[in-house]
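Everything on this sheet refers to the single structure shown next.
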Amino acid sequence: MSKGFFKSSIGKKVIMGLTGLFLVSFLVVHVGINSLIYANDNGETFNAGAHFMAHNPLIRVMEIVLFAGLILHAVQAIILTMENKKARPVAYAMTNGAANSSWYSRSMALLGILLLMFLVVHLGNFWVPTKQALMANEEHNTFENLKVVFSQWYFVVIYLIGVFALCYHLLHGFQSAFQSLGLNHKKYTPTIKKIGIWFSIIVCLLFASMPVTMFLGIIK
Amino acid sequence: MGSGNEQFLNLTLKVWRQKNSKTAGTFETHQLTGISTDMSFLEMFDVLNEKLIHEGKDPIAFDHDCREGICGMCSMFINGRPHGPKQGITTCQLHMRSFKNGDTIIVEPWRSAAFPVIKDLSVDRTAFDRIISSGGYVSVNTGNAQDANNILIPKSAADEAFAAAACIGCGACVATCKNGSAMLFVSAKVSQLALLPQGQAERKERVLNMIAQMDAEGFGNCTNTGACEAECPKGISIENIARMNREFIGASLTTPNK
């Protein structure tokens with residue numbers, strides 16, 4: 001496999017699919033650790049999880065791989081979108097996309113931009129303070145951090161918008177990644193599609209529940 | 001030859017007029033009266049063109065040939081959809097009974113960088129021909145035709161290959177794709193040969209060359225929206241795109257210097 005593969009239309013889609021699925025695997029870890037707040041023990045279990053994530057050497061390496069994957073996914077998306085715009089220099093006066101495809105499958109770039117904007121806020125809220133504590137050699141109380149952020153209603157709104165964008169991005173992206181990788185089979189594709197839908201809904205409902213329950217004081 | 005339910009429509013037609021690929025086009029509005037619901041969409045254009053010719057005006061250029069949905073020449077983008085509002089048919093198979101009295105119909109050419117407008121609604125689709133020339137063939141030695149059952153082909157493979165071969169190369173997939181991607185067309189052509197024993201010899205070379213040509217023509221990239229499959233007059237499945245991706249990844253991995 002040479003440079004030509006990665007420059008080809010299919011090669012670029014393979015990169016999108018592989019990085020996308022890698023980011024999906026990160027979501028599983030993220031939502032799992034976060035769900036520890038439901039132990040409802042003043043953040044004891046959750047903070048233990050957060051401590052592990054902040055100090056485990058393998059996780060530290062994976063953090064760099066994760067950022068690399070995210071950047072590759074976003075850069076490749078920008079390149080693909082620019083090429084796609086070039087492929088239709090004169091726009092139609094009238095299109096009826098709703099007749100042939102879902103709105104979110106046609107809005108992956110928009111949803112991706114929303115997610116990137118959300119990520120800036122999200123990293124500022126939690127990743128930056130954790131890193132600051134790590135560098136100062138202090139123990140970061142991530143649970144307290146959560147409580148402070150989610151006591152402000154506008155952060156709750158921003159997070160719900162972020163999760164909404166994530167949900168629809170996943171609804172198309174999950175099954176689309178398998179199609180791009182050529183992993184299509186009459187026997188398995190319907191199952192992959194179902195898993196994609198349930199994964200998107202469950203992960204996003206869990207993520208959405210966290211700021212809400214903390215804001216309402218259900219989790220203390 | 002009436003259907004027995006024949007009605008007559010008054011319509012407003014907004015048609016794209018463009019002198020050639022070098023000049024910018026614009027919409028032209030025509031009022032049509034007494035259009036029979038039994039007419040095909042192209043017959044409606046014939047009526048309009050006759051009127052324009054009688055008035056000494058330039059008739060509207062549009063592609064058509066067989067007028068029975070098998071040649072793939074007709075190519076109008078009607079009210080935001082290729083081949084109009086109905087599924088599984090080409091523009092020539094669309095009848096005016098699909099419209100209502102007083103409707104405004106917007107007709108545009110296929111819009112793609114790879115399909116330059118020749119004139120009005122007629123576009124140059126030779127990009128498809130060049131993709132086919134790059135690999136959409138099976139090299140055979142000349143001689144007598146083989147006995148039909150010399151090469152055994154499983155029924156399921158034959159059916160899938162036949163379904164892919166139903167592609168008439170009209171370009172509706174490119175026209176409707178938000179990215180202007182030609183992947184449904186190319187995947188149908190790759191699939192019909194990859195599924196059959198006769199296509200095995202050139203299998204890897206074919207997919208590599210056809211994708212290289214497709215990319216060189218300036219078509220966009222697939223984002224799996226499925227719009228092509230929904231609008232294809234021949235119902236070509238996007239399963240073919242997955243197969244083409246698989247073929248391309250496999251061929252790239254196993255072909256030296258590719």
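Chain labels A, B, ... are given in the sequence in which chains occur in the structure tokens; within each chain residues are numbered consecutively from 1, and ligands are likewise numbered from 1 in the order shown.
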Using only C-alpha atoms, find which residues of chain B lie within 8 Å of chain A and jot them down as an NGL selection string. :B and (79-81 or 106 or 108 or 111-114 or 178-181 or 211-212 or 215 or 218-228 or 230-231 or 239 or 241-246 or 248-249 or 252-258)
Grab the residues selected above and save them as a CSV table (one decimal), in the first residue's frame with N, CA and C atoms.
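Output file out08.csv follows:
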```
chain,number,residue,atom,x,y,z
B,79,ASN,N,-37.6,19.5,-10.2
B,79,ASN,CA,-38.0,19.9,-8.8
B,79,ASN,C,-37.1,19.3,-7.7
B,80,GLY,N,-35.8,19.4,-7.9
B,80,GLY,CA,-34.9,19.0,-6.9
B,80,GLY,C,-34.5,17.5,-6.9
B,81,ARG,N,-35.0,16.8,-7.9
B,81,ARG,CA,-34.7,15.3,-7.9
B,81,ARG,C,-34.4,14.9,-9.3
B,106,ILE,N,-39.5,23.1,-11.9
B,106,ILE,CA,-38.1,23.6,-12.2
B,106,ILE,C,-37.3,22.5,-12.8
B,108,GLU,N,-33.5,21.5,-14.2
B,108,GLU,CA,-32.1,21.8,-14.3
B,108,GLU,C,-31.3,20.7,-14.9
B,111,ARG,N,-25.8,18.7,-12.4
B,111,ARG,CA,-24.8,19.7,-12.0
B,111,ARG,C,-23.6,18.9,-11.4
B,112,SER,N,-22.5,18.9,-12.1
B,112,SER,CA,-21.3,18.2,-11.7
B,112,SER,C,-20.1,18.8,-12.4
B,113,ALA,N,-19.0,19.0,-11.8
B,113,ALA,CA,-17.8,19.5,-12.4
B,113,ALA,C,-17.4,18.5,-13.5
B,114,ALA,N,-17.7,17.2,-13.3
B,114,ALA,CA,-17.2,16.2,-14.3
B,114,ALA,C,-18.2,16.1,-15.4
B,178,LYS,N,-25.0,14.8,-2.8
B,178,LYS,CA,-24.6,16.1,-2.3
B,178,LYS,C,-23.1,16.4,-2.5
B,179,ASN,N,-22.4,15.3,-2.7
B,179,ASN,CA,-20.9,15.5,-3.0
B,179,ASN,C,-20.5,15.3,-4.4
B,180,GLY,N,-21.5,15.0,-5.3
B,180,GLY,CA,-21.2,14.8,-6.7
B,180,GLY,C,-20.4,13.6,-6.9
B,181,SER,N,-20.6,12.5,-6.1
B,181,SER,CA,-19.8,11.3,-6.2
B,181,SER,C,-20.3,10.4,-7.2
B,211,ILE,N,-11.0,3.4,-10.2
B,211,ILE,CA,-11.0,4.4,-9.1
B,211,ILE,C,-10.0,5.6,-9.4
B,212,ALA,N,-8.9,5.3,-10.0
B,212,ALA,CA,-7.9,6.3,-10.3
B,212,ALA,C,-8.5,7.3,-11.4
B,215,ASP,N,-11.4,9.4,-9.8
B,215,ASP,CA,-10.8,10.5,-9.0
B,215,ASP,C,-10.3,11.6,-9.9
B,218,GLY,N,-12.7,14.3,-11.3
B,218,GLY,CA,-13.2,15.3,-10.5
B,218,GLY,C,-14.5,15.1,-9.8
B,219,PHE,N,-14.9,13.8,-9.7
B,219,PHE,CA,-16.1,13.5,-8.9
B,219,PHE,C,-15.8,13.6,-7.5
B,220,GLY,N,-16.9,13.8,-6.7
B,220,GLY,CA,-16.7,14.0,-5.2
B,220,GLY,C,-16.5,12.7,-4.5
B,221,ASN,N,-16.5,12.8,-3.2
B,221,ASN,CA,-16.3,11.6,-2.3
B,221,ASN,C,-17.6,11.1,-1.7
B,222,CYS,N,-17.8,9.8,-1.6
B,222,CYS,CA,-19.0,9.2,-1.0
B,222,CYS,C,-19.1,9.5,0.5
B,223,THR,N,-20.2,9.9,1.0
B,223,THR,CA,-20.4,10.0,2.5
B,223,THR,C,-21.6,9.1,2.9
B,224,ASN,N,-21.9,8.1,2.1
B,224,ASN,CA,-22.9,7.1,2.5
B,224,ASN,C,-24.2,7.7,2.9
B,225,THR,N,-24.7,8.7,2.2
B,225,THR,CA,-26.0,9.2,2.6
B,225,THR,C,-27.1,8.3,2.0
B,226,GLY,N,-26.8,7.6,1.0
B,226,GLY,CA,-27.7,6.7,0.3
B,226,GLY,C,-28.7,7.3,-0.6
B,227,ALA,N,-28.4,8.6,-0.9
B,227,ALA,CA,-29.3,9.3,-1.9
B,227,ALA,C,-29.3,8.7,-3.3
B,228,CYS,N,-28.1,8.2,-3.7
B,228,CYS,CA,-27.9,7.7,-5.0
B,228,CYS,C,-28.8,6.4,-5.2
B,230,ALA,N,-31.5,5.7,-3.5
B,230,ALA,CA,-32.9,6.0,-3.5
B,230,ALA,C,-33.4,6.6,-4.8
B,231,GLU,N,-32.5,7.3,-5.5
B,231,GLU,CA,-32.9,8.0,-6.8
B,231,GLU,C,-32.6,7.2,-8.0
B,239,GLU,N,-24.9,-1.5,-1.6
B,239,GLU,CA,-24.0,-2.7,-1.3
B,239,GLU,C,-22.9,-2.8,-2.3
B,241,ILE,N,-21.2,-0.3,-3.5
B,241,ILE,CA,-20.2,0.6,-3.1
B,241,ILE,C,-19.3,-0.1,-2.0
B,242,ALA,N,-19.9,-0.8,-1.1
B,242,ALA,CA,-19.2,-1.5,0.0
B,242,ALA,C,-18.3,-2.5,-0.7
B,243,ARG,N,-18.8,-3.2,-1.7
B,243,ARG,CA,-18.0,-4.2,-2.4
B,243,ARG,C,-16.8,-3.6,-3.1
B,244,MET,N,-17.1,-2.4,-3.7
B,244,MET,CA,-16.0,-1.7,-4.4
B,244,MET,C,-14.9,-1.3,-3.5
B,245,ASN,N,-15.4,-0.8,-2.3
B,245,ASN,CA,-14.4,-0.4,-1.3
B,245,ASN,C,-13.5,-1.6,-0.9
B,246,ARG,N,-14.2,-2.7,-0.7
B,246,ARG,CA,-13.5,-3.9,-0.3
B,246,ARG,C,-12.5,-4.4,-1.4
B,248,PHE,N,-11.2,-2.5,-3.6
B,248,PHE,CA,-10.1,-1.5,-3.8
B,248,PHE,C,-9.1,-1.7,-2.6
B,249,ILE,N,-9.6,-1.8,-1.4
B,249,ILE,CA,-8.6,-2.0,-0.3
B,249,ILE,C,-7.8,-3.3,-0.5
B,252,SER,N,-5.3,-2.8,-3.3
B,252,SER,CA,-4.2,-1.9,-2.9
B,252,SER,C,-3.2,-2.6,-2.0
B,253,LEU,N,-3.8,-3.5,-1.2
B,253,LEU,CA,-2.9,-4.2,-0.2
B,253,LEU,C,-2.0,-5.2,-0.9
B,254,THR,N,-2.5,-5.8,-2.0
B,254,THR,CA,-1.8,-6.9,-2.6
B,254,THR,C,-1.2,-6.7,-3.9
B,255,THR,N,-1.3,-5.4,-4.4
B,255,THR,CA,-0.7,-5.1,-5.7
B,255,THR,C,0.6,-4.4,-5.5
B,256,PRO,N,1.8,-4.8,-5.9
B,256,PRO,CA,3.0,-4.1,-5.7
B,256,PRO,C,2.9,-2.8,-6.5
B,257,ASN,N,3.5,-1.7,-5.9
B,257,ASN,CA,3.6,-0.4,-6.5
B,257,ASN,C,2.3,0.3,-6.7
B,258,LYS,N,1.2,-0.2,-6.0
B,258,LYS,CA,0.0,0.5,-6.1
B,258,LYS,C,-0.5,1.0,-4.8
```
Selection: 9 Å around Tyr38 in chain A, only C-alpha atoms, excl. self and same-chain fewer than 4 positions, as number ranges by chain: A: 34, 43, 46, 210, 219
Going by DSSP on the backbone, which residues of range 111-221 of chain B come out as helix (DSSP H, G or I)? List them as a PyMOL selection string. chain B and resi 126-135+155-165+172-176+183-194+197-199+203-216
Given only C-alpha atoms, how would the per-residue table for range 163-183 of chain B near range 83-97 of chain B read, listing every residue at most 10 Å away with its closest atom pair and distance in Å to one decimal, sorted by chain and number, as a Markdown table?
```
| residue | atom | partner | partner_atom | distance |
| --- | --- | --- | --- | --- |
| B:Cys170 | CA | B:Thr90 | CA | 8.7 |
| B:Ala172 | CA | B:His83 | CA | 7.4 |
| B:Ala175 | CA | B:His83 | CA | 9.9 |
| B:Thr176 | CA | B:His83 | CA | 9.9 |
```
Restricted to N, CA, C and O atoms, what would the selected residues look like written as an mmCIF file, in the first residue's frame?
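Listed below is the output, result_32.cif:
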```
data_model
loop_
_atom_site.group_PDB
_atom_site.id
_atom_site.type_symbol
_atom_site.label_atom_id
_atom_site.label_comp_id
_atom_site.auth_asym_id
_atom_site.auth_seq_id
_atom_site.Cartn_x
_atom_site.Cartn_y
_atom_site.Cartn_z
ATOM 1 N N CYS B 170 -26.854 6.608 -16.444
ATOM 2 C CA CYS B 170 -27.519 7.890 -16.716
ATOM 3 C C CYS B 170 -26.878 9.037 -15.934
ATOM 4 O O CYS B 170 -26.949 10.190 -16.354
ATOM 5 N N ALA B 172 -27.715 9.801 -12.679
ATOM 6 C CA ALA B 172 -28.609 10.348 -11.646
ATOM 7 C C ALA B 172 -27.953 10.297 -10.273
ATOM 8 O O ALA B 172 -28.174 11.172 -9.425
ATOM 9 N N ALA B 175 -25.762 13.207 -9.989
ATOM 10 C CA ALA B 175 -26.585 14.413 -9.955
ATOM 11 C C ALA B 175 -27.209 14.637 -8.586
ATOM 12 O O ALA B 175 -27.274 15.763 -8.104
ATOM 13 N N THR B 176 -27.648 13.573 -7.940
ATOM 14 C CA THR B 176 -28.362 13.741 -6.679
ATOM 15 C C THR B 176 -27.435 13.761 -5.473
ATOM 16 O O THR B 176 -27.772 14.328 -4.441
#
```
Within 10 Å of Ile201 in chain A, counting only C-alpha atoms, which residues qualify if same-chain residues fewer than 3 places away don't, as a PyMOL selection string? chain A and resi 164+166-168+170-171+195-198+204-207
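The two atoms in question, CA of Asn101 in chain B and CA of Pro82 in chain B, are spaced 21.5 Å apart.
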Skip Leu195 in chain B itself and residues of its chain fewer than 4 positions away, then list as a list in words all residues within 12 Å of it, counting only C-alpha atoms.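 The residues that qualify are Ile153, Pro154, Lys155, Ser156, Ala157, Ala158, Asp159, Glu160, Ala161, Phe162, Ala163, Ala164, Ala165, Ser187, Ala188, Lys189, Val190, Ser191, Gly199, Gln200, Ala201, Arg203, Asn240, Arg243, Met244 and Glu247 of chain B.
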Skip Thr12 in chain B itself and residues of its chain fewer than 6 positions away, then list as a VMD selection string all residues within 8 Å of it, counting only C-alpha atoms. chain B and resid 29 to 32 102 to 105
So, with only C-alpha atoms as the atoms that count, which of B:Asn49, B:Gln213, B:Ser133, B:Ser40 lies closest to Val15 in chain B?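 Going through B:Asn49, B:Gln213, B:Ser133, B:Ser40 one by one, the smallest distance to Val15 in chain B is for B:Asn49.
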Residue nearest Arg125 in chain B among B:Ser75, B:Asn149, B:Gln192, B:Ser98 (counting only C-alpha atoms):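 Result for the nearest residue to Arg125 in chain B: B:Ser75.
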Mind listing the strand (DSSP E) residues of range 18-146 of chain B, per DSSP on the backbone, as a ChimeraX atom specification? /B:26-36,77-78,81-82,104-108,117-119,122-123
Name the residues in contact with Asp41 in chain A at a cut-off of 12 Å, using only C-alpha atoms, excluding same-chain residues fewer than 6 positions from it; report them as a PyMOL selection string. chain A and resi 47-48+143+218-220
Kindly save the residues from that selection, with all heavy atoms included, as an mmCIF file, in the first residue's frame.
```cif
data_model
loop_
_atom_site.group_PDB
_atom_site.id
_atom_site.type_symbol
_atom_site.label_atom_id
_atom_site.label_comp_id
_atom_site.auth_asym_id
_atom_site.auth_seq_id
_atom_site.Cartn_x
_atom_site.Cartn_y
_atom_site.Cartn_z
ATOM 1 N N ASN A 47 -13.839 9.615 41.403
ATOM 2 C CA ASN A 47 -12.502 10.195 41.521
ATOM 3 C C ASN A 47 -11.407 9.132 41.436
ATOM 4 O O ASN A 47 -10.322 9.399 40.919
ATOM 5 C CB ASN A 47 -12.371 10.992 42.821
ATOM 6 C CG ASN A 47 -12.818 12.442 42.621
ATOM 7 O OD1 ASN A 47 -12.878 12.925 41.491
ATOM 8 N ND2 ASN A 47 -13.141 13.126 43.710
ATOM 9 N N ALA A 48 -11.707 7.927 41.923
ATOM 10 C CA ALA A 48 -10.743 6.832 41.790
ATOM 11 C C ALA A 48 -10.515 6.520 40.305
ATOM 12 O O ALA A 48 -9.383 6.326 39.855
ATOM 13 C CB ALA A 48 -11.251 5.596 42.528
ATOM 14 N N PHE A 143 -14.538 15.330 40.626
ATOM 15 C CA PHE A 143 -15.954 15.338 40.987
ATOM 16 C C PHE A 143 -16.413 16.739 41.419
ATOM 17 O O PHE A 143 -17.483 17.210 41.009
ATOM 18 C CB PHE A 143 -16.230 14.320 42.100
ATOM 19 C CG PHE A 143 -17.705 14.118 42.348
ATOM 20 C CD1 PHE A 143 -18.488 13.424 41.441
ATOM 21 C CD2 PHE A 143 -18.310 14.630 43.491
ATOM 22 C CE1 PHE A 143 -19.844 13.245 41.659
ATOM 23 C CE2 PHE A 143 -19.664 14.444 43.718
ATOM 24 C CZ PHE A 143 -20.427 13.755 42.810
ATOM 25 N N ILE A 218 -29.493 15.672 42.077
ATOM 26 C CA ILE A 218 -29.798 14.260 42.347
ATOM 27 C C ILE A 218 -28.507 13.532 42.714
ATOM 28 O O ILE A 218 -28.486 12.659 43.575
ATOM 29 C CB ILE A 218 -30.486 13.604 41.118
ATOM 30 C CG1 ILE A 218 -31.812 14.323 40.825
ATOM 31 C CG2 ILE A 218 -30.704 12.111 41.320
ATOM 32 C CD1 ILE A 218 -32.435 14.007 39.494
ATOM 33 N N ILE A 219 -27.412 13.901 42.016
ATOM 34 C CA ILE A 219 -26.093 13.355 42.342
ATOM 35 C C ILE A 219 -25.364 14.406 43.178
ATOM 36 O O ILE A 219 -25.193 15.544 42.736
ATOM 37 C CB ILE A 219 -25.304 13.047 41.053
ATOM 38 C CG1 ILE A 219 -26.037 12.002 40.205
ATOM 39 C CG2 ILE A 219 -23.874 12.597 41.376
ATOM 40 C CD1 ILE A 219 -26.187 10.648 40.859
ATOM 41 N N LYS A 220 -24.977 14.018 44.378
ATOM 42 C CA LYS A 220 -24.320 14.997 45.258
ATOM 43 C C LYS A 220 -22.887 14.571 45.556
ATOM 44 O O LYS A 220 -22.582 13.420 45.620
ATOM 45 C CB LYS A 220 -25.096 15.146 46.568
ATOM 46 C CG LYS A 220 -26.476 15.720 46.357
ATOM 47 C CD LYS A 220 -27.108 16.037 47.710
ATOM 48 C CE LYS A 220 -28.629 16.105 47.625
ATOM 49 N NZ LYS A 220 -29.323 14.875 47.632
#
```
What is the distance between CA of Gly49 in chain A and CA of Met214 in chain A, in Å to one decimal?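 Between these atoms lies a distance of 18.0 Å.
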